[in-house]
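Trainee: This is coords_22.csv (CSV, C-alpha atoms).
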chain,number,residue,atom,x,y,z
A,2,MET,CA,0.0,0.0,0.0
A,3,ILE,CA,1.6,3.2,-1.2
A,4,HIS,CA,1.8,6.2,1.1
A,5,ASN,CA,-0.4,8.3,-1.2
A,6,ASP,CA,-3.2,5.9,-0.4
A,7,VAL,CA,-2.6,6.2,3.4
A,8,LEU,CA,-2.5,10.0,3.3
A,9,ARG,CA,-5.6,10.2,1.1
A,10,ARG,CA,-7.7,7.7,3.1
A,11,LEU,CA,-6.6,9.1,6.5
A,12,ARG,CA,-7.6,12.6,5.4
A,13,TYR,CA,-10.9,11.4,4.1
A,14,ALA,CA,-11.7,9.4,7.3
A,15,LEU,CA,-11.0,12.4,9.5
A,16,ALA,CA,-12.3,15.0,7.1
A,17,ILE,CA,-9.0,16.9,7.0
A,18,ASN,CA,-9.2,19.6,4.3
A,19,ASP,CA,-6.2,21.2,2.6
A,20,THR,CA,-5.9,24.1,5.0
A,21,ALA,CA,-6.0,21.7,8.0
A,22,ALA,CA,-3.4,19.4,6.3
A,23,ILE,CA,-1.0,22.3,5.8
A,24,SER,CA,-1.4,23.4,9.4
A,25,ILE,CA,-0.7,19.8,10.6
A,26,PHE,CA,2.6,19.8,8.7
A,27,LYS,CA,3.4,23.2,10.3
A,28,LEU,CA,3.1,21.6,13.7
A,29,VAL,CA,6.3,19.7,12.9
A,30,ASP,CA,8.0,22.6,11.3
A,31,TYR,CA,7.4,21.5,7.7
A,32,ASP,CA,6.2,24.0,5.1
A,33,MET,CA,4.1,21.9,2.8
A,34,GLU,CA,3.4,23.5,-0.6
A,35,MET,CA,-0.2,23.3,-1.7
A,36,ASP,CA,0.8,22.1,-5.2
A,37,TYR,CA,2.9,19.2,-3.8
A,38,LEU,CA,0.0,18.3,-1.4
A,39,HIS,CA,-2.4,18.1,-4.4
A,40,ALA,CA,0.1,16.0,-6.4
A,41,VAL,CA,0.5,13.4,-3.7
A,42,MET,CA,-3.2,13.3,-3.2
A,43,LYS,CA,-3.7,12.1,-6.8
A,44,LYS,CA,-3.9,8.4,-7.7
A,45,GLU,CA,-1.3,6.7,-9.8
A,46,GLY,CA,-1.8,7.3,-13.5
A,47,GLU,CA,-3.5,10.7,-12.9
A,48,PRO,CA,-1.9,13.8,-14.5
A,49,GLY,CA,0.4,15.5,-12.0
A,50,TYR,CA,0.7,12.5,-9.7
A,51,LEU,CA,3.8,12.4,-7.5
A,52,PRO,CA,4.7,9.6,-5.0
A,53,CYS,CA,4.4,10.5,-1.4
A,54,ARG,CA,7.8,10.0,0.3
A,55,ASP,CA,8.2,8.1,3.5
A,56,LYS,CA,9.4,11.4,5.1
A,57,ILE,CA,6.2,13.1,4.2
A,58,ILE,CA,3.7,10.6,5.5
A,59,SER,CA,5.8,10.3,8.7
A,60,LEU,CA,5.8,14.0,9.2
A,61,PHE,CA,2.0,14.1,8.7
A,62,LEU,CA,1.4,11.4,11.2
A,63,ASP,CA,3.7,13.1,13.7
A,64,GLY,CA,1.9,16.4,13.1
A,65,LEU,CA,-1.4,14.7,13.8
A,66,ILE,CA,0.0,13.4,17.0
A,67,VAL,CA,1.0,16.9,18.1
A,68,LYS,CA,-2.4,18.3,17.1
A,69,ASN,CA,-4.3,15.8,19.1
A,70,ARG,CA,-2.0,15.2,22.0
A,71,GLY,CA,0.2,18.3,22.1
A,72,LYS,CA,4.0,18.6,22.0
A,73,GLN,CA,5.9,16.4,24.4
A,74,GLU,CA,9.0,17.9,26.0
A,75,GLY,CA,12.1,16.1,24.9
A,76,SER,CA,10.4,14.0,22.2
A,77,GLU,CA,10.7,16.0,19.0
A,78,PRO,CA,9.5,14.2,15.9
A,79,ARG,CA,12.4,12.6,14.0
A,80,VAL,CA,12.7,13.4,10.3
A,81,LEU,CA,13.5,10.3,8.3
A,82,ASP,CA,16.7,10.3,6.4
A,83,ALA,CA,16.8,10.0,2.6
A,84,GLY,CA,16.1,6.4,1.7
A,85,GLU,CA,14.8,5.5,5.1
A,86,ARG,CA,11.5,3.7,5.0
A,87,LEU,CA,8.4,3.9,7.2
A,88,SER,CA,7.0,0.5,7.8
A,89,ASN,CA,3.4,-0.5,8.1
A,90,ASN,CA,4.0,-1.2,11.8
A,91,GLU,CA,5.2,2.4,12.3
A,92,ILE,CA,2.1,3.7,10.5
A,93,LEU,CA,-0.2,1.7,12.7
A,94,ARG,CA,1.7,2.8,15.8
A,95,LYS,CA,1.5,6.5,14.9
A,96,ILE,CA,-2.2,6.3,14.1
A,97,ARG,CA,-2.7,4.6,17.4
A,98,ILE,CA,-0.9,7.3,19.3
A,99,ALA,CA,-2.6,10.2,17.3
A,100,LEU,CA,-6.1,8.9,18.0
A,101,SER,CA,-5.4,7.6,21.5
A,102,TYR,CA,-6.5,4.1,20.4
A,103,LYS,CA,-6.5,1.2,22.7
A,104,ASP,CA,-6.4,-2.4,21.5
A,105,ASP,CA,-10.2,-2.6,21.6
A,106,ASP,CA,-10.5,0.6,19.5
A,107,MET,CA,-8.2,-0.8,16.8
A,108,ILE,CA,-9.9,-4.2,16.8
A,109,ASP,CA,-13.3,-2.4,16.5
A,110,ALA,CA,-12.2,-0.3,13.6
A,111,LEU,CA,-10.8,-3.4,11.8
A,112,LYS,CA,-14.0,-5.3,12.6
A,113,ARG,CA,-16.0,-2.5,10.9
A,114,ALA,CA,-14.1,-3.4,7.7
A,115,ASP,CA,-14.9,-7.1,8.2
A,116,PHE,CA,-11.3,-7.8,9.2
A,117,ARG,CA,-11.0,-10.0,12.3
A,118,ILE,CA,-7.9,-10.0,14.5
A,119,SER,CA,-7.2,-11.0,18.1
A,120,LYS,CA,-5.5,-8.9,20.7
A,121,GLY,CA,-2.5,-11.2,20.6
A,122,GLU,CA,-2.1,-10.8,16.8
A,123,LEU,CA,-2.5,-7.0,17.1
A,124,SER,CA,0.0,-6.7,19.9
A,125,ALA,CA,2.6,-8.5,17.7
A,126,PHE,CA,2.6,-5.5,15.4
A,127,PHE,CA,3.7,-3.2,18.2
A,128,ARG,CA,6.6,-5.3,19.4
A,129,LYS,CA,10.2,-4.2,18.8
A,130,PRO,CA,11.5,-5.8,15.6
A,131,ASP,CA,14.0,-7.9,17.6
A,132,HIS,CA,11.3,-9.3,19.9
A,133,ARG,CA,10.5,-13.0,19.3
A,134,ASN,CA,6.7,-12.2,19.0
A,135,PHE,CA,7.2,-9.4,16.5
A,136,LYS,CA,5.2,-9.6,13.3
A,137,PRO,CA,5.4,-7.4,10.2
A,138,ALA,CA,2.1,-5.7,9.4
A,139,GLY,CA,0.8,-6.3,5.9
A,140,ASP,CA,-0.8,-3.8,3.6
A,141,GLN,CA,-4.3,-5.3,4.2
A,142,VAL,CA,-4.1,-4.5,7.9
A,143,VAL,CA,-3.4,-0.8,7.3
A,144,ARG,CA,-6.0,-0.7,4.4
A,145,ASN,CA,-8.7,-2.3,6.5
A,146,LEU,CA,-8.0,-0.1,9.5
A,147,LEU,CA,-8.4,3.1,7.4
A,148,GLN,CA,-11.6,1.6,5.8
A,149,GLY,CA,-12.9,0.9,9.3
A,150,MET,CA,-12.1,4.4,10.4
A,151,VAL,CA,-14.1,5.8,7.5
A,152,LYS,CA,-17.1,3.7,8.5
A,153,LYS,CA,-16.7,4.8,12.1
A,154,TYR,CA,-16.3,8.5,11.6
A,155,ARG,CA,-18.2,9.0,8.4
A,156,PRO,CA,-21.0,6.4,8.4
A,157,GLU,CA,-23.1,8.6,6.1
A,158,ALA,CA,-20.5,8.5,3.4
A,159,SER,CA,-21.2,6.8,0.1
A,160,GLY,CA,-20.6,3.1,0.2
A,161,ASN,CA,-21.4,2.7,3.9
A,162,ARG,CA,-25.2,2.7,3.7
A,163,ASN,CA,-25.3,-1.0,4.4
A,164,SER,CA,-23.1,-0.7,7.5
A,165,LYS,CA,-24.6,-2.1,10.7
A,166,SER,CA,-23.2,1.0,12.4
A,167,ASN,CA,-25.2,3.3,10.2
A,168,THR,CA,-28.1,4.2,12.5
A,169,GLY,CA,-29.9,6.0,9.6
A,170,ALA,CA,-30.4,2.8,7.7
A,171,SER,CA,-33.9,2.1,9.1
A,172,THR,CA,-34.9,5.7,8.4
A,173,LEU,CA,-33.8,5.4,4.8
A,174,ARG,CA,-35.9,2.2,4.4
A,175,LYS,CA,-39.0,4.0,5.8
A,176,GLU,CA,-38.5,6.9,3.5
A,177,ALA,CA,-38.1,4.6,0.5
A,178,LYS,CA,-41.5,3.1,1.4
A,179,GLY,CA,-43.1,6.5,1.6
A,180,LYS,CA,-43.5,6.3,5.4
A,181,PRO,CA,-41.2,8.8,7.0
A,182,SER,CA,-41.3,8.9,10.8
A,183,ARG,CA,-43.0,11.8,12.6
A,184,ASP,CA,-39.6,12.9,14.0
A,185,ASN,CA,-38.0,12.9,10.6
A,186,ALA,CA,-40.9,14.9,9.1
A,187,SER,CA,-40.6,17.5,11.9
A,188,CYS,CA,-36.8,17.7,11.4
A,189,SER,CA,-37.2,18.2,7.7
A,190,LYS,CA,-39.6,21.1,8.3
A,191,GLU,CA,-37.2,22.6,10.8
A,192,ASN,CA,-34.3,22.4,8.4
A,193,HIS,CA,-36.4,23.9,5.7
A,194,ARG,CA,-37.2,26.9,7.9
A,195,GLN,CA,-33.6,27.4,9.1
A,196,GLY,CA,-31.9,26.6,5.8
A,197,SER,CA,-29.8,23.5,6.4
A,198,LYS,CA,-26.4,23.2,4.7
A,199,PRO,CA,-26.1,20.8,1.8
A,200,ALA,CA,-24.0,17.7,2.1
A,201,ASN,CA,-21.0,17.2,-0.2
A,202,ARG,CA,-21.0,14.7,-3.0
A,203,ASP,CA,-19.8,12.0,-0.6
A,204,GLY,CA,-22.8,12.5,1.6
A,205,ALA,CA,-20.6,14.0,4.4
A,206,LYS,CA,-21.6,17.3,6.1
A,207,ALA,CA,-20.0,20.4,4.7
A,208,ASN,CA,-18.3,21.1,8.0
A,209,SER,CA,-16.3,19.1,10.5
A,210,VAL,CA,-14.0,19.6,13.4
A,211,TRP,CA,-11.2,20.1,10.8
A,212,GLY,CA,-13.1,22.9,9.0
A,213,LYS,CA,-14.9,23.0,5.8
A,214,ILE,CA,-14.4,20.0,3.6
A,215,THR,CA,-13.0,20.7,0.2
A,216,LYS,CA,-13.8,18.6,-2.9
A,217,PRO,CA,-11.3,15.8,-3.1
A,218,THR,CA,-8.7,16.0,-5.9
A,219,ARG,CA,-9.4,13.7,-8.7
Could you take the file, read its structure, and then write that structure out as structure tokens?

Mentor:
Amino acid sequence: MIHNDVLRRLRYALAINDTAAISIFKLVDYDMEMDYLHAVMKKEGEPGYLPCRDKIISLFLDGLIVKNRGKQEGSEPRVLDAGERLSNNEILRKIRIALSYKDDDMIDALKRADFRISKGELSAFFRKPDHRNFKPAGDQVVRNLLQGMVKKYRPEASGNRNSKSNTGASTLRKEAKGKPSRDNASCSKENHRQGSKPANRDGAKANSVWGKITKPTR
């Protein structure tokens, strides 16, 4: 799994727009250029695509840690040297720290993506490489964690309508039958009077804790 995918899916899961992404990089003293950010957000084969370097995804994850947990005295983020690689295990570890995930939180996120894992298997990813129980994390673990995070934080997004965690599923079925609930009807009238904000094309609300969501780069 290339780092472009990790950055793109993580930003989508947490609804991090361009402005917020730039500010996250600034927290680790890195001046990210908007043009380069857009280039690494593209998919392979798209015009203007550039690979996301290990240094960049590492800095972004470190910045996310600082944003969510604050700077820790005496533990400055380490910038990767040229040619140094960031493993899937390190990506999982940084996500875990940034979001203050416990074992159960990570297992729950993976379960939302229909990926089952035991606490013992999960803990093996966070062992030191020289530990006898250490296990390298495969791409599917990172991919499914990010997919599970999307389902957790953005259940209303396109493609997640059949998720068990989507509490609006029953409402959608009622509306499809032409039998909206009394509460939904009153909410619709209230939104009409106040002028509710439209959702973006992914079905997500136009605003989040990270600020206004911009259209994803295609």

Trainee: Env of Gly71 (chain A): 10 Å cut, atoms = all atoms listed in the file, seq-sep filter 5 positions within chain, self excluded. Answer as a PDB file with C-alpha atoms, in the frame of the given file.

Mentor:
ATOM      1  CA  LEU A  28       3.100  21.600  13.700  1.00  0.00           C
ATOM      2  CA  GLY A  64       1.900  16.400  13.100  1.00  0.00           C
ATOM      3  CA  LEU A  65      -1.400  14.700  13.800  1.00  0.00           C
ATOM      4  CA  ILE A  66       0.000  13.400  17.000  1.00  0.00           C
ATOM      5  CA  ALA A  99      -2.600  10.200  17.300  1.00  0.00           C
TER       6      ALA A  99
END

Trainee: Using all atoms listed in the file, which of the listed residues (A:Leu60, A:Ala16, A:Arg117, A:His4) sits closest to Val41 (chain A)?

Mentor: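 Looking only at the distances to Val41 (chain A), the closest residue turns out to be A:His4.
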
Trainee: Point out the residue among A:Asp30, A:Leu146, A:Ala114, A:Asn5 with the least atom-to-atom distance to Leu51 (chain A), counting all atoms listed in the file.

Mentor: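 Using all atoms listed in the file, Leu51 (chain A) sits closest to A:Asn5.
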
Trainee: Could you jot down the CA of Arg133 (chain A) to CA of Asn145 (chain A) separation for me, Å, one decimal place?

Mentor: 25.4 Å

Trainee: Report, in Å with one decimal, the straight-line distance from CA of Ile118 (chain A) to CA of Arg144 (chain A).

Mentor: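 For CA of Ile118 (chain A) relative to CA of Arg144 (chain A), the distance reads 13.9 Å.
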
Trainee: Generate the coordinates of N, CA, C and O atoms for region 89-111 of chain A; report them as a PDB file, in the coordinates of the input.

Mentor:
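The file below, selection14.pdb, is the result:
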ATOM      1  N   ASN A  89       4.765  -0.412   7.752  1.00  0.00           N
ATOM      2  CA  ASN A  89       3.400  -0.500   8.100  1.00  0.00           C
ATOM      3  C   ASN A  89       3.175  -0.505   9.616  1.00  0.00           C
ATOM      4  O   ASN A  89       2.208   0.057  10.149  1.00  0.00           O
ATOM      5  N   ASN A  90       4.087  -1.162  10.303  1.00  0.00           N
ATOM      6  CA  ASN A  90       4.000  -1.200  11.800  1.00  0.00           C
ATOM      7  C   ASN A  90       4.107   0.171  12.375  1.00  0.00           C
ATOM      8  O   ASN A  90       3.383   0.503  13.319  1.00  0.00           O
ATOM      9  N   GLU A  91       5.009   0.996  11.825  1.00  0.00           N
ATOM     10  CA  GLU A  91       5.200   2.400  12.300  1.00  0.00           C
ATOM     11  C   GLU A  91       3.946   3.209  12.013  1.00  0.00           C
ATOM     12  O   GLU A  91       3.540   4.064  12.802  1.00  0.00           O
ATOM     13  N   ILE A  92       3.357   2.984  10.841  1.00  0.00           N
ATOM     14  CA  ILE A  92       2.100   3.700  10.500  1.00  0.00           C
ATOM     15  C   ILE A  92       1.020   3.387  11.449  1.00  0.00           C
ATOM     16  O   ILE A  92       0.324   4.274  11.942  1.00  0.00           O
ATOM     17  N   LEU A  93       0.859   2.111  11.751  1.00  0.00           N
ATOM     18  CA  LEU A  93      -0.200   1.700  12.700  1.00  0.00           C
ATOM     19  C   LEU A  93       0.102   2.312  14.089  1.00  0.00           C
ATOM     20  O   LEU A  93      -0.821   2.773  14.768  1.00  0.00           O
ATOM     21  N   ARG A  94       1.364   2.311  14.491  1.00  0.00           N
ATOM     22  CA  ARG A  94       1.700   2.800  15.800  1.00  0.00           C
ATOM     23  C   ARG A  94       1.420   4.333  15.895  1.00  0.00           C
ATOM     24  O   ARG A  94       0.868   4.815  16.893  1.00  0.00           O
ATOM     25  N   LYS A  95       1.761   5.086  14.850  1.00  0.00           N
ATOM     26  CA  LYS A  95       1.500   6.500  14.900  1.00  0.00           C
ATOM     27  C   LYS A  95       0.034   6.858  14.837  1.00  0.00           C
ATOM     28  O   LYS A  95      -0.414   7.795  15.511  1.00  0.00           O
ATOM     29  N   ILE A  96      -0.743   6.096  14.077  1.00  0.00           N
ATOM     30  CA  ILE A  96      -2.200   6.300  14.100  1.00  0.00           C
ATOM     31  C   ILE A  96      -2.765   6.008  15.441  1.00  0.00           C
ATOM     32  O   ILE A  96      -3.621   6.741  15.951  1.00  0.00           O
ATOM     33  N   ARG A  97      -2.265   4.944  16.034  1.00  0.00           N
ATOM     34  CA  ARG A  97      -2.700   4.600  17.400  1.00  0.00           C
ATOM     35  C   ARG A  97      -2.475   5.666  18.394  1.00  0.00           C
ATOM     36  O   ARG A  97      -3.347   6.011  19.189  1.00  0.00           O
ATOM     37  N   ILE A  98      -1.287   6.243  18.346  1.00  0.00           N
ATOM     38  CA  ILE A  98      -0.900   7.300  19.300  1.00  0.00           C
ATOM     39  C   ILE A  98      -1.754   8.572  19.002  1.00  0.00           C
ATOM     40  O   ILE A  98      -2.288   9.204  19.916  1.00  0.00           O
ATOM     41  N   ALA A  99      -1.855   8.941  17.717  1.00  0.00           N
ATOM     42  CA  ALA A  99      -2.600  10.200  17.300  1.00  0.00           C
ATOM     43  C   ALA A  99      -4.015  10.161  17.771  1.00  0.00           C
ATOM     44  O   ALA A  99      -4.558  11.186  18.195  1.00  0.00           O
ATOM     45  N   LEU A 100      -4.658   9.006  17.686  1.00  0.00           N
ATOM     46  CA  LEU A 100      -6.100   8.900  18.000  1.00  0.00           C
ATOM     47  C   LEU A 100      -6.338   8.331  19.387  1.00  0.00           C
ATOM     48  O   LEU A 100      -7.492   8.078  19.745  1.00  0.00           O
ATOM     49  N   SER A 101      -5.252   8.122  20.147  1.00  0.00           N
ATOM     50  CA  SER A 101      -5.400   7.600  21.500  1.00  0.00           C
ATOM     51  C   SER A 101      -6.142   6.257  21.508  1.00  0.00           C
ATOM     52  O   SER A 101      -6.976   6.005  22.387  1.00  0.00           O
ATOM     53  N   TYR A 102      -5.868   5.437  20.496  1.00  0.00           N
ATOM     54  CA  TYR A 102      -6.500   4.100  20.400  1.00  0.00           C
ATOM     55  C   TYR A 102      -5.975   3.132  21.365  1.00  0.00           C
ATOM     56  O   TYR A 102      -4.760   3.034  21.542  1.00  0.00           O
ATOM     57  N   LYS A 103      -6.864   2.363  21.951  1.00  0.00           N
ATOM     58  CA  LYS A 103      -6.500   1.200  22.700  1.00  0.00           C
ATOM     59  C   LYS A 103      -6.653  -0.028  21.829  1.00  0.00           C
ATOM     60  O   LYS A 103      -7.153   0.093  20.707  1.00  0.00           O
ATOM     61  N   ASP A 104      -6.267  -1.187  22.322  1.00  0.00           N
ATOM     62  CA  ASP A 104      -6.400  -2.400  21.500  1.00  0.00           C
ATOM     63  C   ASP A 104      -7.839  -2.591  21.034  1.00  0.00           C
ATOM     64  O   ASP A 104      -8.074  -2.888  19.855  1.00  0.00           O
ATOM     65  N   ASP A 105      -8.799  -2.404  21.934  1.00  0.00           N
ATOM     66  CA  ASP A 105     -10.200  -2.600  21.600  1.00  0.00           C
ATOM     67  C   ASP A 105     -10.661  -1.635  20.498  1.00  0.00           C
ATOM     68  O   ASP A 105     -11.498  -1.985  19.658  1.00  0.00           O
ATOM     69  N   ASP A 106     -10.123  -0.407  20.517  1.00  0.00           N
ATOM     70  CA  ASP A 106     -10.500   0.600  19.500  1.00  0.00           C
ATOM     71  C   ASP A 106     -10.021   0.161  18.121  1.00  0.00           C
ATOM     72  O   ASP A 106     -10.748   0.299  17.130  1.00  0.00           O
ATOM     73  N   MET A 107      -8.801  -0.354  18.057  1.00  0.00           N
ATOM     74  CA  MET A 107      -8.200  -0.800  16.800  1.00  0.00           C
ATOM     75  C   MET A 107      -8.954  -2.038  16.281  1.00  0.00           C
ATOM     76  O   MET A 107      -9.244  -2.168  15.078  1.00  0.00           O
ATOM     77  N   ILE A 108      -9.232  -2.936  17.190  1.00  0.00           N
ATOM     78  CA  ILE A 108      -9.900  -4.200  16.800  1.00  0.00           C
ATOM     79  C   ILE A 108     -11.342  -3.827  16.310  1.00  0.00           C
ATOM     80  O   ILE A 108     -11.827  -4.411  15.333  1.00  0.00           O
ATOM     81  N   ASP A 109     -11.988  -2.850  16.954  1.00  0.00           N
ATOM     82  CA  ASP A 109     -13.300  -2.400  16.500  1.00  0.00           C
ATOM     83  C   ASP A 109     -13.287  -1.805  15.144  1.00  0.00           C
ATOM     84  O   ASP A 109     -14.147  -2.094  14.302  1.00  0.00           O
ATOM     85  N   ALA A 110     -12.291  -0.950  14.893  1.00  0.00           N
ATOM     86  CA  ALA A 110     -12.200  -0.300  13.600  1.00  0.00           C
ATOM     87  C   ALA A 110     -11.943  -1.366  12.489  1.00  0.00           C
ATOM     88  O   ALA A 110     -12.546  -1.303  11.415  1.00  0.00           O
ATOM     89  N   LEU A 111     -11.091  -2.331  12.765  1.00  0.00           N
ATOM     90  CA  LEU A 111     -10.800  -3.400  11.800  1.00  0.00           C
ATOM     91  C   LEU A 111     -12.068  -4.266  11.599  1.00  0.00           C
ATOM     92  O   LEU A 111     -12.352  -4.708  10.475  1.00  0.00           O
TER      93      LEU A 111
END
